[in-house]
file entry34.cif (mmCIF, N, CA and C atoms)
data_model
#
loop_
_atom_site.label_atom_id
_atom_site.label_comp_id
_atom_site.auth_asym_id
_atom_site.auth_seq_id
_atom_site.Cartn_x
_atom_site.Cartn_y
_atom_site.Cartn_z
N MET A 10 257.52 117.37 78.14
CA MET A 10 257.26 117.50 76.73
C MET A 10 258.42 118.27 76.14
N ARG A 11 258.81 117.84 74.98
CA ARG A 11 260.04 118.38 74.42
C ARG A 11 259.83 118.85 72.98
N ALA A 12 260.57 119.86 72.62
CA ALA A 12 260.56 120.34 71.25
C ALA A 12 261.35 119.37 70.37
N GLU A 13 261.06 119.40 69.08
CA GLU A 13 261.73 118.51 68.14
C GLU A 13 262.14 119.30 66.91
N GLU A 14 263.09 118.76 66.17
CA GLU A 14 263.48 119.38 64.91
C GLU A 14 262.39 119.12 63.88
N TYR A 15 262.12 120.15 63.05
CA TYR A 15 261.08 120.00 62.05
C TYR A 15 261.41 120.89 60.86
N GLY A 16 261.14 120.40 59.67
CA GLY A 16 261.26 121.20 58.46
C GLY A 16 262.67 121.33 57.94
N GLU A 17 262.78 122.10 56.86
CA GLU A 17 264.07 122.40 56.24
C GLU A 17 264.21 123.90 56.18
N PRO A 18 265.20 124.54 56.69
CA PRO A 18 266.23 123.93 57.52
C PRO A 18 265.64 123.48 58.84
N LYS A 19 266.34 122.60 59.51
CA LYS A 19 265.85 122.05 60.77
C LYS A 19 265.68 123.15 61.81
N ASN A 20 264.46 123.35 62.25
CA ASN A 20 264.16 124.30 63.31
C ASN A 20 263.62 123.53 64.51
N VAL A 21 263.94 123.98 65.71
CA VAL A 21 263.44 123.34 66.92
C VAL A 21 262.12 124.01 67.28
N VAL A 22 261.05 123.23 67.25
CA VAL A 22 259.71 123.76 67.51
C VAL A 22 258.94 122.79 68.41
N LEU A 23 257.94 123.33 69.08
CA LEU A 23 256.99 122.49 69.80
C LEU A 23 255.88 122.12 68.83
N LYS A 24 255.37 120.91 68.94
CA LYS A 24 254.26 120.50 68.09
C LYS A 24 253.05 121.36 68.39
N SER A 25 252.15 121.47 67.43
CA SER A 25 251.06 122.43 67.50
C SER A 25 250.14 122.25 68.70
N ASP A 26 249.89 121.03 69.13
CA ASP A 26 248.98 120.79 70.25
C ASP A 26 249.69 120.72 71.60
N ALA A 27 250.97 121.03 71.65
CA ALA A 27 251.75 120.88 72.88
C ALA A 27 251.18 121.68 74.04
N GLY A 28 250.91 122.95 73.83
CA GLY A 28 250.43 123.80 74.91
C GLY A 28 249.06 123.39 75.43
N VAL A 29 248.14 123.13 74.52
CA VAL A 29 246.79 122.74 74.91
C VAL A 29 246.81 121.39 75.62
N PHE A 30 247.60 120.45 75.10
CA PHE A 30 247.69 119.13 75.72
C PHE A 30 248.31 119.22 77.11
N ALA A 31 249.38 120.01 77.25
CA ALA A 31 250.01 120.18 78.57
C ALA A 31 249.03 120.80 79.56
N LYS A 32 248.30 121.80 79.13
CA LYS A 32 247.30 122.44 80.00
C LYS A 32 246.22 121.44 80.40
N TRP A 33 245.76 120.64 79.45
CA TRP A 33 244.73 119.63 79.73
C TRP A 33 245.27 118.60 80.72
N LEU A 34 246.52 118.14 80.53
CA LEU A 34 247.11 117.18 81.46
C LEU A 34 247.19 117.75 82.87
N ARG A 35 247.60 119.02 82.98
CA ARG A 35 247.74 119.64 84.30
C ARG A 35 246.39 119.77 85.00
N THR A 36 245.31 119.99 84.27
CA THR A 36 244.00 120.10 84.92
C THR A 36 243.41 118.73 85.24
N GLN A 37 243.65 117.75 84.37
CA GLN A 37 243.08 116.42 84.57
C GLN A 37 243.85 115.60 85.61
N GLU A 38 245.16 115.73 85.60
CA GLU A 38 246.04 114.96 86.48
C GLU A 38 247.04 115.90 87.14
N PRO A 39 246.61 116.70 88.13
CA PRO A 39 247.51 117.70 88.73
C PRO A 39 248.77 117.13 89.38
N GLU A 40 248.76 115.83 89.73
CA GLU A 40 249.93 115.24 90.37
C GLU A 40 251.04 114.91 89.36
N LEU A 41 250.72 114.95 88.06
CA LEU A 41 251.74 114.69 87.05
C LEU A 41 252.69 115.87 86.94
N ASN A 42 253.95 115.58 86.74
CA ASN A 42 254.95 116.62 86.54
C ASN A 42 255.09 116.85 85.04
N VAL A 43 254.35 117.81 84.50
CA VAL A 43 254.38 118.13 83.08
C VAL A 43 255.32 119.31 82.88
N VAL A 44 256.41 119.07 82.17
CA VAL A 44 257.42 120.11 81.95
C VAL A 44 257.46 120.44 80.47
N MET A 45 257.38 121.74 80.16
CA MET A 45 257.42 122.18 78.77
C MET A 45 258.00 123.59 78.71
N ASP A 46 258.90 123.82 77.77
CA ASP A 46 259.49 125.15 77.59
C ASP A 46 258.51 126.02 76.82
N GLU A 47 257.86 126.92 77.52
CA GLU A 47 256.82 127.76 76.92
C GLU A 47 257.38 128.78 75.93
N LYS A 48 258.68 129.05 75.97
CA LYS A 48 259.27 130.10 75.14
C LYS A 48 259.61 129.63 73.72
N LEU A 49 259.62 128.33 73.49
CA LEU A 49 259.99 127.82 72.16
C LEU A 49 258.89 128.11 71.14
N PRO A 50 259.26 128.30 69.88
CA PRO A 50 258.24 128.52 68.85
C PRO A 50 257.41 127.27 68.64
N ARG A 51 256.18 127.47 68.17
CA ARG A 51 255.26 126.34 67.94
C ARG A 51 255.02 126.13 66.46
N LEU A 52 254.86 124.88 66.10
CA LEU A 52 254.51 124.51 64.75
C LEU A 52 253.07 124.94 64.51
N VAL A 53 252.82 125.64 63.42
CA VAL A 53 251.48 126.10 63.10
C VAL A 53 250.96 125.26 61.95
N LEU A 54 249.78 124.69 62.14
CA LEU A 54 249.16 123.83 61.12
C LEU A 54 247.90 124.49 60.58
N ARG A 55 247.59 124.15 59.36
CA ARG A 55 246.35 124.62 58.77
C ARG A 55 245.53 123.41 58.32
N SER A 56 245.44 122.45 59.21
CA SER A 56 244.67 121.24 58.94
C SER A 56 244.07 120.77 60.26
N SER A 57 243.31 119.70 60.20
CA SER A 57 242.72 119.18 61.43
C SER A 57 243.61 118.13 62.09
N ASP A 58 244.84 117.96 61.58
CA ASP A 58 245.77 117.01 62.19
C ASP A 58 246.09 117.42 63.62
N ILE A 59 246.33 116.43 64.45
CA ILE A 59 246.68 116.66 65.85
C ILE A 59 248.11 116.16 66.05
N TRP A 60 249.01 117.10 66.31
CA TRP A 60 250.41 116.79 66.53
C TRP A 60 250.71 116.96 68.01
N LEU A 61 250.88 115.84 68.70
CA LEU A 61 251.21 115.89 70.13
C LEU A 61 252.72 115.91 70.30
N PRO A 62 253.19 116.57 71.34
CA PRO A 62 254.65 116.71 71.53
C PRO A 62 255.28 115.38 71.94
N LEU A 63 256.59 115.31 71.70
CA LEU A 63 257.37 114.16 72.16
C LEU A 63 257.31 114.12 73.68
N ALA A 64 256.94 112.97 74.22
CA ALA A 64 256.84 112.82 75.67
C ALA A 64 257.93 111.87 76.15
N PHE A 65 258.69 112.32 77.15
CA PHE A 65 259.67 111.46 77.80
C PHE A 65 259.02 110.92 79.07
N LEU A 66 259.00 109.60 79.19
CA LEU A 66 258.33 108.97 80.31
C LEU A 66 259.34 108.53 81.35
N ALA A 67 258.96 108.64 82.61
CA ALA A 67 259.88 108.35 83.71
C ALA A 67 260.04 106.86 83.95
N SER A 68 259.06 106.06 83.56
CA SER A 68 259.17 104.62 83.77
C SER A 68 258.50 103.87 82.63
N ASP A 69 258.84 102.60 82.51
CA ASP A 69 258.28 101.80 81.43
C ASP A 69 256.78 101.58 81.59
N VAL A 70 256.29 101.50 82.79
CA VAL A 70 254.86 101.27 83.01
C VAL A 70 254.04 102.53 82.77
N ALA A 71 254.68 103.66 82.56
CA ALA A 71 253.96 104.91 82.32
C ALA A 71 253.38 104.98 80.92
N LEU A 72 253.89 104.18 79.97
CA LEU A 72 253.40 104.26 78.59
C LEU A 72 251.92 103.93 78.46
N PRO A 73 251.41 102.83 79.00
CA PRO A 73 249.97 102.59 78.88
C PRO A 73 249.13 103.70 79.53
N ILE A 74 249.61 104.24 80.63
CA ILE A 74 248.90 105.33 81.30
C ILE A 74 248.90 106.56 80.39
N TYR A 75 250.06 106.87 79.80
CA TYR A 75 250.17 108.00 78.88
C TYR A 75 249.23 107.82 77.69
N LEU A 76 249.21 106.62 77.11
CA LEU A 76 248.34 106.37 75.96
C LEU A 76 246.87 106.53 76.31
N ASN A 77 246.49 106.12 77.51
CA ASN A 77 245.10 106.32 77.93
C ASN A 77 244.78 107.80 78.14
N LEU A 78 245.75 108.56 78.66
CA LEU A 78 245.56 110.01 78.79
C LEU A 78 245.40 110.65 77.42
N VAL A 79 246.21 110.23 76.46
CA VAL A 79 246.09 110.74 75.09
C VAL A 79 244.72 110.40 74.53
N SER A 80 244.27 109.18 74.75
CA SER A 80 242.95 108.76 74.28
C SER A 80 241.85 109.64 74.86
N ASN A 81 241.92 109.91 76.15
CA ASN A 81 240.92 110.77 76.79
C ASN A 81 240.98 112.19 76.23
N TYR A 82 242.19 112.70 76.02
CA TYR A 82 242.36 114.05 75.45
C TYR A 82 241.73 114.12 74.06
N LEU A 83 242.01 113.10 73.24
CA LEU A 83 241.47 113.10 71.87
C LEU A 83 239.95 113.01 71.88
N TYR A 84 239.41 112.23 72.79
CA TYR A 84 237.95 112.13 72.92
C TYR A 84 237.35 113.51 73.20
N GLU A 85 237.94 114.22 74.15
CA GLU A 85 237.45 115.56 74.49
C GLU A 85 237.62 116.52 73.31
N LYS A 86 238.75 116.45 72.65
CA LYS A 86 239.04 117.34 71.53
C LYS A 86 238.10 117.08 70.35
N MET A 87 237.81 115.82 70.09
CA MET A 87 236.99 115.47 68.94
C MET A 87 235.51 115.75 69.17
N LYS A 88 235.11 116.03 70.40
CA LYS A 88 233.71 116.41 70.64
C LYS A 88 233.34 117.66 69.85
N GLY A 89 234.32 118.54 69.64
CA GLY A 89 234.08 119.78 68.93
C GLY A 89 234.33 119.69 67.43
N ALA A 90 234.67 118.52 66.93
CA ALA A 90 234.96 118.37 65.50
C ALA A 90 233.67 118.41 64.69
N LEU A 91 233.80 118.85 63.47
CA LEU A 91 232.66 118.85 62.56
C LEU A 91 232.33 117.42 62.16
N ARG A 92 231.07 117.16 61.90
CA ARG A 92 230.65 115.82 61.49
C ARG A 92 231.39 115.43 60.21
N GLY A 93 231.95 114.26 60.20
CA GLY A 93 232.68 113.78 59.04
C GLY A 93 234.14 114.20 59.01
N GLU A 94 234.54 115.09 59.91
CA GLU A 94 235.94 115.52 59.95
C GLU A 94 236.78 114.40 60.53
N ILE A 95 237.82 114.02 59.81
CA ILE A 95 238.70 112.94 60.25
C ILE A 95 240.08 113.54 60.50
N ALA A 96 240.49 113.50 61.74
CA ALA A 96 241.80 114.05 62.10
C ALA A 96 242.82 112.94 62.15
N ARG A 97 244.00 113.24 61.69
CA ARG A 97 245.13 112.32 61.84
C ARG A 97 245.87 112.72 63.10
N VAL A 98 246.35 111.72 63.81
CA VAL A 98 247.06 111.93 65.06
C VAL A 98 248.52 111.53 64.84
N HIS A 99 249.41 112.38 65.34
CA HIS A 99 250.85 112.11 65.27
C HIS A 99 251.38 112.23 66.70
N LEU A 100 251.96 111.17 67.21
CA LEU A 100 252.51 111.23 68.57
C LEU A 100 253.71 110.32 68.71
N CYS A 101 254.51 110.63 69.70
CA CYS A 101 255.70 109.83 69.99
C CYS A 101 255.99 109.93 71.49
N ALA A 102 256.30 108.80 72.10
CA ALA A 102 256.68 108.76 73.52
C ALA A 102 257.92 107.90 73.65
N GLU A 103 258.83 108.32 74.53
CA GLU A 103 260.08 107.59 74.74
C GLU A 103 260.28 107.27 76.20
N PHE A 104 260.93 106.14 76.42
CA PHE A 104 261.36 105.72 77.75
C PHE A 104 262.78 105.23 77.63
N GLU A 105 263.67 105.72 78.48
CA GLU A 105 265.06 105.27 78.47
C GLU A 105 265.27 104.23 79.56
N ASP A 106 265.61 103.02 79.12
CA ASP A 106 265.93 101.93 80.03
C ASP A 106 267.42 102.05 80.36
N LYS A 107 267.73 102.73 81.45
CA LYS A 107 269.13 103.01 81.80
C LYS A 107 269.90 101.75 82.16
N ALA A 108 269.22 100.75 82.69
CA ALA A 108 269.90 99.50 83.06
C ALA A 108 270.46 98.80 81.82
N ASN A 109 269.69 98.82 80.73
CA ASN A 109 270.13 98.16 79.49
C ASN A 109 270.72 99.13 78.48
N GLY A 110 270.64 100.42 78.76
CA GLY A 110 271.16 101.43 77.84
C GLY A 110 270.37 101.54 76.55
N LYS A 111 269.09 101.23 76.61
CA LYS A 111 268.24 101.28 75.41
C LYS A 111 267.16 102.36 75.57
N VAL A 112 266.77 102.91 74.45
CA VAL A 112 265.65 103.85 74.41
C VAL A 112 264.52 103.17 73.67
N LYS A 113 263.38 103.07 74.32
CA LYS A 113 262.19 102.49 73.71
C LYS A 113 261.31 103.63 73.23
N ARG A 114 260.84 103.53 71.99
CA ARG A 114 260.04 104.61 71.40
C ARG A 114 258.73 104.05 70.86
N PHE A 115 257.64 104.70 71.22
CA PHE A 115 256.33 104.39 70.67
C PHE A 115 255.93 105.55 69.77
N SER A 116 255.76 105.29 68.49
CA SER A 116 255.34 106.32 67.54
C SER A 116 254.05 105.90 66.88
N PHE A 117 253.22 106.88 66.58
CA PHE A 117 251.96 106.59 65.90
C PHE A 117 251.61 107.72 64.96
N ASP A 118 251.18 107.36 63.75
CA ASP A 118 250.62 108.27 62.77
C ASP A 118 249.40 107.58 62.18
N GLY A 119 248.24 108.16 62.37
CA GLY A 119 247.02 107.58 61.83
C GLY A 119 245.81 108.30 62.35
N ASP A 120 244.64 107.79 62.01
CA ASP A 120 243.42 108.45 62.48
C ASP A 120 243.10 108.06 63.92
N VAL A 121 242.15 108.74 64.50
CA VAL A 121 241.81 108.55 65.91
C VAL A 121 241.32 107.12 66.17
N ASP A 122 240.51 106.59 65.24
CA ASP A 122 240.00 105.23 65.43
C ASP A 122 241.14 104.20 65.43
N ALA A 123 242.10 104.37 64.54
CA ALA A 123 243.23 103.45 64.50
C ALA A 123 244.05 103.54 65.78
N LEU A 124 244.18 104.75 66.33
CA LEU A 124 244.91 104.89 67.60
C LEU A 124 244.17 104.18 68.72
N GLN A 125 242.85 104.32 68.77
CA GLN A 125 242.06 103.65 69.80
C GLN A 125 242.27 102.13 69.73
N LYS A 126 242.28 101.59 68.52
CA LYS A 126 242.51 100.15 68.35
C LYS A 126 243.92 99.77 68.76
N ALA A 127 244.91 100.60 68.42
CA ALA A 127 246.30 100.31 68.79
C ALA A 127 246.47 100.32 70.31
N ILE A 128 245.80 101.24 70.98
CA ILE A 128 245.89 101.32 72.44
C ILE A 128 245.28 100.07 73.07
N LYS A 129 244.16 99.60 72.54
CA LYS A 129 243.52 98.40 73.08
C LYS A 129 244.39 97.17 72.89
N ARG A 130 245.12 97.10 71.77
CA ARG A 130 245.96 95.94 71.47
C ARG A 130 247.36 96.04 72.06
N PHE A 131 247.72 97.19 72.62
CA PHE A 131 249.08 97.42 73.08
C PHE A 131 249.46 96.42 74.18
N ASP A 132 250.61 95.79 74.01
CA ASP A 132 251.14 94.82 74.97
C ASP A 132 252.48 95.34 75.49
N LEU A 133 252.48 95.84 76.73
CA LEU A 133 253.69 96.44 77.31
C LEU A 133 254.83 95.44 77.38
N ASN A 134 254.56 94.20 77.76
CA ASN A 134 255.63 93.21 77.88
C ASN A 134 256.31 92.97 76.53
N ARG A 135 255.53 92.82 75.48
CA ARG A 135 256.11 92.61 74.15
C ARG A 135 256.89 93.83 73.70
N PHE A 136 256.35 95.03 73.98
CA PHE A 136 257.02 96.27 73.62
C PHE A 136 258.39 96.37 74.29
N LEU A 137 258.47 96.03 75.57
CA LEU A 137 259.72 96.13 76.31
C LEU A 137 260.72 95.05 75.90
N ASP A 138 260.25 93.91 75.40
CA ASP A 138 261.14 92.83 74.99
C ASP A 138 261.77 93.08 73.62
N GLU A 139 261.18 93.96 72.83
CA GLU A 139 261.69 94.21 71.47
C GLU A 139 263.01 94.91 71.50
#

call {"tool": "encode", "arguments": {"input": "entry34.cif", "output": "C-alpha cells"}}
result
Amino acid sequence: MRAEEYGEPKNVVLKSDAGVFAKWLRTQEPELNVVMDEKLPRLVLRSSDIWLPLAFLASDVALPIYLNLVSNYLYEKMKGALRGEIARVHLCAEFEDKANGKVKRFSFDGDVDALQKAIKRFDLNRFLDE
C-alpha cells in the first residue's frame, strides 16, 4: 500500500482507511505480503467516505482477488454503519506489465452497491487487453 499526493499544496499522505484495511488484510489473509509505511501522515476525513490506499499488485490475476478482499472488508465495515448511511468508496489498484511496459490501473469512485456490481461484472481478460 502506498501513499499518494493529495490536496494543495501536494502532500504525500496515506488514505484514511489505509491502516485499518492493512490490519484487516493481515488478520484475514496472513500469507499476503502487505507493506505500508506506518510513519507517513494520514488523510483525515469527516465523512462516511471510505478511502482505500493505492494498492500495487504483484500479478495481473491478483486484481479479482484484491477486489473480492475489498468487498469482504466493506461488508464487515458496513455492518457498523447507521441505517440509511451511504458511504462512497474510493479505491485504486495498479499492476505493472513489465513485458509490455504498461501499467494497468483499476479506479473506482461510487457507493458500496455500485462497487459490488462492478466487481461482479469485472472481466480480467478485457481489462488486460485494453

call {"tool": "resolve_selection", "arguments": {"input": "entry34.cif", "expression": "the PyMOL selection byres ((chain A and resi 57-70) around 6.5)", "output": "list in words"}}
result
Met10, Arg11, Ala12, Leu23, Lys24, Ser25, Asp26, Ala27, Arg55, Ser56, Ala71, Leu72, Pro73, Ile74, Ile95, Ala96, Arg97, Val98, His99, Leu100, Cys101, Ala102, Glu103, Phe104 and Glu105 of chain A

call {"tool": "write_last_selection", "arguments": {"input": "entry34.cif", "atoms": "N, CA and C atoms", "output": "JSON list (two decimals), in the frame of the given file"}}
result
[["chain", "number", "residue", "atom", "x", "y", "z"],
["A", 10, "MET", "N", 257.52, 117.37, 78.14],
["A", 10, "MET", "CA", 257.26, 117.50, 76.73],
["A", 10, "MET", "C", 258.42, 118.27, 76.14],
["A", 11, "ARG", "N", 258.81, 117.84, 74.98],
["A", 11, "ARG", "CA", 260.04, 118.38, 74.42],
["A", 11, "ARG", "C", 259.83, 118.85, 72.98],
["A", 12, "ALA", "N", 260.57, 119.86, 72.62],
["A", 12, "ALA", "CA", 260.56, 120.34, 71.25],
["A", 12, "ALA", "C", 261.35, 119.37, 70.37],
["A", 23, "LEU", "N", 257.94, 123.33, 69.08],
["A", 23, "LEU", "CA", 256.99, 122.49, 69.80],
["A", 23, "LEU", "C", 255.88, 122.12, 68.83],
["A", 24, "LYS", "N", 255.37, 120.91, 68.94],
["A", 24, "LYS", "CA", 254.26, 120.50, 68.09],
["A", 24, "LYS", "C", 253.05, 121.36, 68.39],
["A", 25, "SER", "N", 252.15, 121.47, 67.43],
["A", 25, "SER", "CA", 251.06, 122.43, 67.50],
["A", 25, "SER", "C", 250.14, 122.25, 68.70],
["A", 26, "ASP", "N", 249.89, 121.03, 69.13],
["A", 26, "ASP", "CA", 248.98, 120.79, 70.25],
["A", 26, "ASP", "C", 249.69, 120.72, 71.60],
["A", 27, "ALA", "N", 250.97, 121.03, 71.65],
["A", 27, "ALA", "CA", 251.75, 120.88, 72.88],
["A", 27, "ALA", "C", 251.18, 121.68, 74.04],
["A", 55, "ARG", "N", 247.59, 124.15, 59.36],
["A", 55, "ARG", "CA", 246.35, 124.62, 58.77],
["A", 55, "ARG", "C", 245.53, 123.41, 58.32],
["A", 56, "SER", "N", 245.44, 122.45, 59.21],
["A", 56, "SER", "CA", 244.67, 121.24, 58.94],
["A", 56, "SER", "C", 244.07, 120.77, 60.26],
["A", 71, "ALA", "N", 254.68, 103.66, 82.56],
["A", 71, "ALA", "CA", 253.96, 104.91, 82.32],
["A", 71, "ALA", "C", 253.38, 104.98, 80.92],
["A", 72, "LEU", "N", 253.89, 104.18, 79.97],
["A", 72, "LEU", "CA", 253.40, 104.26, 78.59],
["A", 72, "LEU", "C", 251.92, 103.93, 78.46],
["A", 73, "PRO", "N", 251.41, 102.83, 79.00],
["A", 73, "PRO", "CA", 249.97, 102.59, 78.88],
["A", 73, "PRO", "C", 249.13, 103.70, 79.53],
["A", 74, "ILE", "N", 249.61, 104.24, 80.63],
["A", 74, "ILE", "CA", 248.90, 105.33, 81.30],
["A", 74, "ILE", "C", 248.90, 106.56, 80.39],
["A", 95, "ILE", "N", 237.82, 114.02, 59.81],
["A", 95, "ILE", "CA", 238.70, 112.94, 60.25],
["A", 95, "ILE", "C", 240.08, 113.54, 60.50],
["A", 96, "ALA", "N", 240.49, 113.50, 61.74],
["A", 96, "ALA", "CA", 241.80, 114.05, 62.10],
["A", 96, "ALA", "C", 242.82, 112.94, 62.15],
["A", 97, "ARG", "N", 244.00, 113.24, 61.69],
["A", 97, "ARG", "CA", 245.13, 112.32, 61.84],
["A", 97, "ARG", "C", 245.87, 112.72, 63.10],
["A", 98, "VAL", "N", 246.35, 111.72, 63.81],
["A", 98, "VAL", "CA", 247.06, 111.93, 65.06],
["A", 98, "VAL", "C", 248.52, 111.53, 64.84],
["A", 99, "HIS", "N", 249.41, 112.38, 65.34],
["A", 99, "HIS", "CA", 250.85, 112.11, 65.27],
["A", 99, "HIS", "C", 251.38, 112.23, 66.70],
["A", 100, "LEU", "N", 251.96, 111.17, 67.21],
["A", 100, "LEU", "CA", 252.51, 111.23, 68.57],
["A", 100, "LEU", "C", 253.71, 110.32, 68.71],
["A", 101, "CYS", "N", 254.51, 110.63, 69.70],
["A", 101, "CYS", "CA", 255.70, 109.83, 69.99],
["A", 101, "CYS", "C", 255.99, 109.93, 71.49],
["A", 102, "ALA", "N", 256.30, 108.80, 72.10],
["A", 102, "ALA", "CA", 256.68, 108.76, 73.52],
["A", 102, "ALA", "C", 257.92, 107.90, 73.65],
["A", 103, "GLU", "N", 258.83, 108.32, 74.53],
["A", 103, "GLU", "CA", 260.08, 107.59, 74.74],
["A", 103, "GLU", "C", 260.28, 107.27, 76.20],
["A", 104, "PHE", "N", 260.93, 106.14, 76.42],
["A", 104, "PHE", "CA", 261.36, 105.72, 77.75],
["A", 104, "PHE", "C", 262.78, 105.23, 77.63],
["A", 105, "GLU", "N", 263.67, 105.72, 78.48],
["A", 105, "GLU", "CA", 265.06, 105.27, 78.47],
["A", 105, "GLU", "C", 265.27, 104.23, 79.56]]

call {"tool": "select_by_dssp", "arguments": {"input": "entry34.cif", "residues": "chain A", "states": "helix (DSSP H, G or I)", "output": "PyMOL selection string"}}
result
chain A and resi 27-37+71-87+121-130+133-138

call {"tool": "write_last_selection", "arguments": {"input": "entry34.cif", "atoms": "N, CA and C atoms", "output": "short mmCIF file (atom, residue, chain, number, x, y, z; two decimals), in the coordinates of the input"}}
result
data_model
loop_
_atom_site.label_atom_id
_atom_site.label_comp_id
_atom_site.auth_asym_id
_atom_site.auth_seq_id
_atom_site.Cartn_x
_atom_site.Cartn_y
_atom_site.Cartn_z
N ALA A 27 250.97 121.03 71.65
CA ALA A 27 251.75 120.88 72.88
C ALA A 27 251.18 121.68 74.04
N GLY A 28 250.91 122.95 73.83
CA GLY A 28 250.43 123.80 74.91
C GLY A 28 249.06 123.39 75.43
N VAL A 29 248.14 123.13 74.52
CA VAL A 29 246.79 122.74 74.91
C VAL A 29 246.81 121.39 75.62
N PHE A 30 247.60 120.45 75.10
CA PHE A 30 247.69 119.13 75.72
C PHE A 30 248.31 119.22 77.11
N ALA A 31 249.38 120.01 77.25
CA ALA A 31 250.01 120.18 78.57
C ALA A 31 249.03 120.80 79.56
N LYS A 32 248.30 121.80 79.13
CA LYS A 32 247.30 122.44 80.00
C LYS A 32 246.22 121.44 80.40
N TRP A 33 245.76 120.64 79.45
CA TRP A 33 244.73 119.63 79.73
C TRP A 33 245.27 118.60 80.72
N LEU A 34 246.52 118.14 80.53
CA LEU A 34 247.11 117.18 81.46
C LEU A 34 247.19 117.75 82.87
N ARG A 35 247.60 119.02 82.98
CA ARG A 35 247.74 119.64 84.30
C ARG A 35 246.39 119.77 85.00
N THR A 36 245.31 119.99 84.27
CA THR A 36 244.00 120.10 84.92
C THR A 36 243.41 118.73 85.24
N GLN A 37 243.65 117.75 84.37
CA GLN A 37 243.08 116.42 84.57
C GLN A 37 243.85 115.60 85.61
N ALA A 71 254.68 103.66 82.56
CA ALA A 71 253.96 104.91 82.32
C ALA A 71 253.38 104.98 80.92
N LEU A 72 253.89 104.18 79.97
CA LEU A 72 253.40 104.26 78.59
C LEU A 72 251.92 103.93 78.46
N PRO A 73 251.41 102.83 79.00
CA PRO A 73 249.97 102.59 78.88
C PRO A 73 249.13 103.70 79.53
N ILE A 74 249.61 104.24 80.63
CA ILE A 74 248.90 105.33 81.30
C ILE A 74 248.90 106.56 80.39
N TYR A 75 250.06 106.87 79.80
CA TYR A 75 250.17 108.00 78.88
C TYR A 75 249.23 107.82 77.69
N LEU A 76 249.21 106.62 77.11
CA LEU A 76 248.34 106.37 75.96
C LEU A 76 246.87 106.53 76.31
N ASN A 77 246.49 106.12 77.51
CA ASN A 77 245.10 106.32 77.93
C ASN A 77 244.78 107.80 78.14
N LEU A 78 245.75 108.56 78.66
CA LEU A 78 245.56 110.01 78.79
C LEU A 78 245.40 110.65 77.42
N VAL A 79 246.21 110.23 76.46
CA VAL A 79 246.09 110.74 75.09
C VAL A 79 244.72 110.40 74.53
N SER A 80 244.27 109.18 74.75
CA SER A 80 242.95 108.76 74.28
C SER A 80 241.85 109.64 74.86
N ASN A 81 241.92 109.91 76.15
CA ASN A 81 240.92 110.77 76.79
C ASN A 81 240.98 112.19 76.23
N TYR A 82 242.19 112.70 76.02
CA TYR A 82 242.36 114.05 75.45
C TYR A 82 241.73 114.12 74.06
N LEU A 83 242.01 113.10 73.24
CA LEU A 83 241.47 113.10 71.87
C LEU A 83 239.95 113.01 71.88
N TYR A 84 239.41 112.23 72.79
CA TYR A 84 237.95 112.13 72.92
C TYR A 84 237.35 113.51 73.20
N GLU A 85 237.94 114.22 74.15
CA GLU A 85 237.45 115.56 74.49
C GLU A 85 237.62 116.52 73.31
N LYS A 86 238.75 116.45 72.65
CA LYS A 86 239.04 117.34 71.53
C LYS A 86 238.10 117.08 70.35
N MET A 87 237.81 115.82 70.09
CA MET A 87 236.99 115.47 68.94
C MET A 87 235.51 115.75 69.17
N VAL A 121 242.15 108.74 64.50
CA VAL A 121 241.81 108.55 65.91
C VAL A 121 241.32 107.12 66.17
N ASP A 122 240.51 106.59 65.24
CA ASP A 122 240.00 105.23 65.43
C ASP A 122 241.14 104.20 65.43
N ALA A 123 242.10 104.37 64.54
CA ALA A 123 243.23 103.45 64.50
C ALA A 123 244.05 103.54 65.78
N LEU A 124 244.18 104.75 66.33
CA LEU A 124 244.91 104.89 67.60
C LEU A 124 244.17 104.18 68.72
N GLN A 125 242.85 104.32 68.77
CA GLN A 125 242.06 103.65 69.80
C GLN A 125 242.27 102.13 69.73
N LYS A 126 242.28 101.59 68.52
CA LYS A 126 242.51 100.15 68.35
C LYS A 126 243.92 99.77 68.76
N ALA A 127 244.91 100.60 68.42
CA ALA A 127 246.30 100.31 68.79
C ALA A 127 246.47 100.32 70.31
N ILE A 128 245.80 101.24 70.98
CA ILE A 128 245.89 101.32 72.44
C ILE A 128 245.28 100.07 73.07
N LYS A 129 244.16 99.60 72.54
CA LYS A 129 243.52 98.40 73.08
C LYS A 129 244.39 97.17 72.89
N ARG A 130 245.12 97.10 71.77
CA ARG A 130 245.96 95.94 71.47
C ARG A 130 247.36 96.04 72.06
N LEU A 133 252.48 95.84 76.73
CA LEU A 133 253.69 96.44 77.31
C LEU A 133 254.83 95.44 77.38
N ASN A 134 254.56 94.20 77.76
CA ASN A 134 255.63 93.21 77.88
C ASN A 134 256.31 92.97 76.53
N ARG A 135 255.53 92.82 75.48
CA ARG A 135 256.11 92.61 74.15
C ARG A 135 256.89 93.83 73.70
N PHE A 136 256.35 95.03 73.98
CA PHE A 136 257.02 96.27 73.62
C PHE A 136 258.39 96.37 74.29
N LEU A 137 258.47 96.03 75.57
CA LEU A 137 259.72 96.13 76.31
C LEU A 137 260.72 95.05 75.90
N ASP A 138 260.25 93.91 75.40
CA ASP A 138 261.14 92.83 74.99
C ASP A 138 261.77 93.08 73.62
#

call {"tool": "axis_aligned_box", "arguments": {"input": "entry34.cif", "around": "region 106-118 of chain A", "padding_each_side": "8 Å", "output": "AutoDock Vina command-line options"}}
result
--center_x 260.3 --center_y 103.2 --center_z 72.6 --size_x 37.8 --size_y 26.1 --size_z 36.9

call {"tool": "select_by_dssp", "arguments": {"input": "entry34.cif", "residues": "region 56-136 of chain A", "states": "strand (DSSP E or B)", "output": "list in words"}}
result
Ile59, Trp60, Leu63, Ala64, Phe65, Leu66, Arg97, Val98, His99, Leu100, Cys101, Ala102, Glu103, Phe104, Glu105, Asp106, Lys111, Val112, Lys113, Arg114, Phe115, Ser116, Phe117, Asp118, Gly119 and Asp120 of chain A

call {"tool": "closest_residue", "arguments": {"input": "entry34.cif", "among": "A:Val29, A:Leu83, A:Arg51, A:Glu40", "to": "Asp122 (chain A)", "atoms": "only C-alpha atoms"}}
result
A:Leu83

call {"tool": "closest_residue", "arguments": {"input": "entry34.cif", "among": "A:Val121, A:Val43, A:Leu34, A:Val21", "to": "Leu78 (chain A)", "atoms": "only N, CA and C atoms"}}
result
A:Leu34
